[in-house]
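A quick write-up on the structure given underneath.
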Amino acid sequence: YFKINFQKFRASPRHLTPHGLRQCQPPQRWASSLPMNTVVLFVPQQESWVVERMGRFHRILEPGLNFLIPILDKIRYVQSLKEIVIDVPEQSAVSLDNVTLQIDGVLYLRILDPFKASYGVEDPEYAVTQLAQTTMRSELGKLTLDKVFRERETLNTNIVHSINQASDDWGIRCLRYEIKDIHVPPRVKESMQMQVEAERKKRATVLESEGHKEAAINVAEGRKQAQILASEGQKTEQINKAAGEANAVLAKAEAKAKAIRLLSDALAEQNGNAAASLSVAEQYVSAFSNLAKESNTILLPSNSGDISGMVTQAMTIYGSLAKQSSKKLESVSPEWAMEKSEELVPPAQ
């Protein structure tokens with residue numbers, strides 16, 4: 001039903017398809033059409049022409065004016081020294097966790113030695129492409145699926161290093177390799193999306209719990225600070241209250257001591273006993289007038305109407321207490337007792 005011209009599809013055995021048909025050899029991207037030997041030749045910039053003399057390598061023509069011998073010299077290869085971009089076909093690779101990936105890339109290379117590129121390998125483009133594919137499969141087999149997406153730059157660097165180790169004998173230098181697309185199976189893609197959603201929910205739950213935790217900590221810290229401040233306030237209040245009471249007691253004691261000193265000074269003066277008798281009489285009359293105001297039970301002395309007798313009795317008690325105080329003071333220090341006795345006992349009138 002159809003006719004195939006095998007002369008048209010002439011190629012090397014490596015281009016055989018699984019069905020046995022041959023495919024045409026991919027064109028060399030960096031090779032121009034071979035020029036004829038016109039004796040005087042002008043080589044373009046960034047190109048190298050490999051010349052053979054009688055079928056044997058003779059020399060490489062540099063850019064500019066060159067001369068060749070007709071019939072004997074023949075231009076066998078034309079190599080471009082520019083940077084070359086090659087699309088690496090899509091291929092399947094298995095990762096470390098047994099996930100099949102479809103991956104393709106772009107390869108950037110340059111010819112450094114035209115002699116090795118011409119005689120070191122038959123098809124430089126095909127050789128480098130196959131080397132890039134095999135290297136990419138081997139490097140992907142060392143990584144899990146998650147690391148493939150995270151470490152693409154490291155993967156590209158490893159592929160370039162592996163290609164350069166093998167392509168040194170070909171006079172080719174791989175500059176860089178970039179992965180274009182990575183395709184995963186639909187089920188794996190769905191599981192990855194579910195994993196991403198679960199991770200996001202987990203992060204949201206963790207953030208929410210951390211928010212509740214921080215809020216509870218802040219509330220507890222606020223209550224703690226409030227209790228500390230309240231206790232410090234109560235402490236300060238008690239201290240101030242105690243200090244105020246102590247100052248009041250001291251003030252009362254000082255006032256009472258001052259009153260006693262003034263009274264003793266007044267008693268030591270002339271007519272002091274008369275003034276003391278008058279004061280006692282006034283207090284007696286005042287106390288007698290307040291009887292039966294707070295209670296209906298009254299205890300009265302037999303001589304409650306004798307004011308002079310009551311005053312004399314009070315003065316006698318005062319004199320006996322003063323004498324007892326002077327005796328105690330003499331037993332402690334005679335000089336100090338004399339001074340105190342003079343203060344307590346008024347001079348005889």
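If you're wondering about the labels, chains in the structure tokens are A, B, ... by order shown, residues count from 1 in each chain, ligands from 1 in order shown.
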From a DSSP pass on the backbone, collect the residues of segment 136-234 of chain A flagged as alpha helix (DSSP H) and hand them back as number ranges by chain.
A: 136-140, 145-150, 152-167, 186-234
Please provide the set of residues having any atom within 6 Å of segment 101-116 of chain A, restricted to only C-alpha atoms, with same-chain residues fewer than 6 positions apart removed, written as a PyMOL selection string.
chain A and resi 81+83-93+170-184
Write out as number ranges by chain which residues come within 12 Å of Leu155 of chain A when counting only C-alpha atoms, dropping same-chain ones fewer than 3 positions away.
A: 105, 132, 135-144, 147-152, 158-162, 176-179
With C-alpha atoms retained, could you export that selection as a tab-separated table (two decimals), in the first residue's frame?
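Contents of out.tsv, as written:
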chain	number	residue	atom	x	y	z
A	105	GLY	CA	15.28	20.06	29.26
A	132	ALA	CA	22.25	14.29	28.79
A	135	THR	CA	22.71	11.37	33.00
A	136	MET	CA	19.37	12.96	33.83
A	137	ARG	CA	17.79	9.54	34.40
A	138	SER	CA	20.62	8.45	36.68
A	139	GLU	CA	20.54	11.68	38.69
A	140	LEU	CA	16.75	11.53	39.08
A	141	GLY	CA	17.07	7.98	40.39
A	142	LYS	CA	19.10	9.33	43.33
A	143	LEU	CA	16.40	11.76	44.50
A	144	THR	CA	12.89	11.44	45.82
A	147	LYS	CA	13.68	16.69	46.40
A	148	VAL	CA	13.39	16.78	42.60
A	149	PHE	CA	11.22	19.90	42.86
A	150	ARG	CA	13.28	21.48	45.64
A	151	GLU	CA	16.75	20.76	44.26
A	152	ARG	CA	16.39	21.47	40.56
A	158	ASN	CA	25.24	17.53	38.58
A	159	ILE	CA	24.08	16.85	35.02
A	160	VAL	CA	26.45	19.48	33.60
A	161	HIS	CA	29.36	18.04	35.60
A	162	SER	CA	28.66	14.50	34.38
A	176	ARG	CA	24.59	24.67	31.49
A	177	TYR	CA	21.55	22.45	31.53
A	178	GLU	CA	18.05	23.57	32.44
A	179	ILE	CA	15.04	21.39	33.18
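Residues with any atom within 8 Å of segment 37-47 of chain A, counting only C-alpha atoms and excluding same-chain neighbours fewer than 4 positions away, are Leu61, Glu62, Pro63, Gly64, Leu65, Asn66, Phe67, Leu68, Ile69, Pro70, Ile71, Asp73, Lys74, Ile75, Val78, Gln79, Ser80, Leu81 and Lys82 of chain A.
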Based on the selection just made, write C-alpha atoms of those residues as a PDB file, in the first residue's frame.
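Contents of out-v2.pdb, freshly written:
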ATOM      1  CA  LEU A  61      41.295  27.161   8.539  1.00  0.00           C
ATOM      2  CA  GLU A  62      41.004  30.205  10.783  1.00  0.00           C
ATOM      3  CA  PRO A  63      38.586  33.094  10.074  1.00  0.00           C
ATOM      4  CA  GLY A  64      39.800  35.328   7.259  1.00  0.00           C
ATOM      5  CA  LEU A  65      41.706  34.738   4.004  1.00  0.00           C
ATOM      6  CA  ASN A  66      42.966  31.203   3.302  1.00  0.00           C
ATOM      7  CA  PHE A  67      44.477  29.375   0.293  1.00  0.00           C
ATOM      8  CA  LEU A  68      44.039  25.720  -0.641  1.00  0.00           C
ATOM      9  CA  ILE A  69      45.435  23.434  -3.350  1.00  0.00           C
ATOM     10  CA  PRO A  70      42.766  22.307  -5.770  1.00  0.00           C
ATOM     11  CA  ILE A  71      41.917  18.607  -6.013  1.00  0.00           C
ATOM     12  CA  ASP A  73      42.698  19.701  -0.403  1.00  0.00           C
ATOM     13  CA  LYS A  74      39.084  19.185   0.608  1.00  0.00           C
ATOM     14  CA  ILE A  75      36.959  20.883   3.244  1.00  0.00           C
ATOM     15  CA  VAL A  78      32.621  23.002   9.189  1.00  0.00           C
ATOM     16  CA  GLN A  79      32.312  23.617  12.919  1.00  0.00           C
ATOM     17  CA  SER A  80      30.570  26.613  14.519  1.00  0.00           C
ATOM     18  CA  LEU A  81      32.250  28.058  17.625  1.00  0.00           C
ATOM     19  CA  LYS A  82      29.113  29.826  18.810  1.00  0.00           C
TER      20      LYS A  82
END
Please run DSSP on the backbone and report, as a PyMOL selection string, all residues within segment 37-199 of chain A that come out as strand (DSSP E or B).
chain A and resi 40-43+47-53+56-61+64-67+73-80+84-94+100-111+172-183
Same residues, C-alpha atoms, output as a CSV table (one decimal), in the first residue's frame:
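This went into part09.csv:
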chain,number,residue,atom,x,y,z
A,40,VAL,CA,41.0,31.3,-2.4
A,41,LEU,CA,38.6,31.0,0.6
A,42,PHE,CA,37.2,33.4,3.1
A,43,VAL,CA,36.3,31.8,6.4
A,47,GLU,CA,33.7,29.2,12.3
A,48,SER,CA,36.4,26.6,11.8
A,49,TRP,CA,36.9,24.6,8.6
A,50,VAL,CA,38.6,21.3,8.9
A,51,VAL,CA,40.7,20.5,5.8
A,52,GLU,CA,41.9,17.1,4.6
A,53,ARG,CA,44.6,16.6,2.1
A,56,ARG,CA,44.0,12.8,5.8
A,57,PHE,CA,43.7,15.7,8.2
A,58,HIS,CA,45.8,18.6,7.1
A,59,ARG,CA,44.9,21.7,9.0
A,60,ILE,CA,42.1,24.0,10.4
A,61,LEU,CA,41.3,27.2,8.5
A,64,GLY,CA,39.8,35.3,7.3
A,65,LEU,CA,41.7,34.7,4.0
A,66,ASN,CA,43.0,31.2,3.3
A,67,PHE,CA,44.5,29.4,0.3
A,73,ASP,CA,42.7,19.7,-0.4
A,74,LYS,CA,39.1,19.2,0.6
A,75,ILE,CA,37.0,20.9,3.2
A,76,ARG,CA,35.7,18.0,5.3
A,77,TYR,CA,34.0,19.6,8.3
A,78,VAL,CA,32.6,23.0,9.2
A,79,GLN,CA,32.3,23.6,12.9
A,80,SER,CA,30.6,26.6,14.5
A,84,ILE,CA,24.7,26.0,20.7
A,85,VAL,CA,21.2,25.4,22.2
A,86,ILE,CA,19.8,21.8,22.0
A,87,ASP,CA,16.3,20.7,23.1
A,88,VAL,CA,16.6,17.5,25.0
A,89,PRO,CA,13.5,15.4,24.1
A,90,GLU,CA,11.0,14.4,26.8
A,91,GLN,CA,11.8,11.1,28.5
A,92,SER,CA,10.6,9.0,31.4
A,93,ALA,CA,12.6,8.6,34.6
A,94,VAL,CA,12.0,6.8,37.9
A,100,THR,CA,7.6,7.7,37.1
A,101,LEU,CA,8.3,11.3,35.8
A,102,GLN,CA,8.2,12.7,32.3
A,103,ILE,CA,11.0,15.3,32.1
A,104,ASP,CA,12.6,17.4,29.3
A,105,GLY,CA,15.3,20.1,29.3
A,106,VAL,CA,17.5,22.4,27.3
A,107,LEU,CA,21.2,22.0,26.9
A,108,TYR,CA,23.7,24.8,26.2
A,109,LEU,CA,27.1,23.8,24.8
A,110,ARG,CA,30.1,25.1,22.8
A,111,ILE,CA,32.8,23.5,20.7
A,172,ILE,CA,32.7,20.0,23.5
A,173,ARG,CA,32.1,21.9,26.7
A,174,CYS,CA,28.6,21.9,28.3
A,175,LEU,CA,27.9,25.3,29.7
A,176,ARG,CA,24.6,24.7,31.5
A,177,TYR,CA,21.6,22.5,31.5
A,178,GLU,CA,18.1,23.6,32.4
A,179,ILE,CA,15.0,21.4,33.2
A,180,LYS,CA,12.0,22.8,31.3
A,181,ASP,CA,9.0,20.7,32.5
A,182,ILE,CA,8.4,17.9,35.0
A,183,HIS,CA,5.2,16.0,34.5
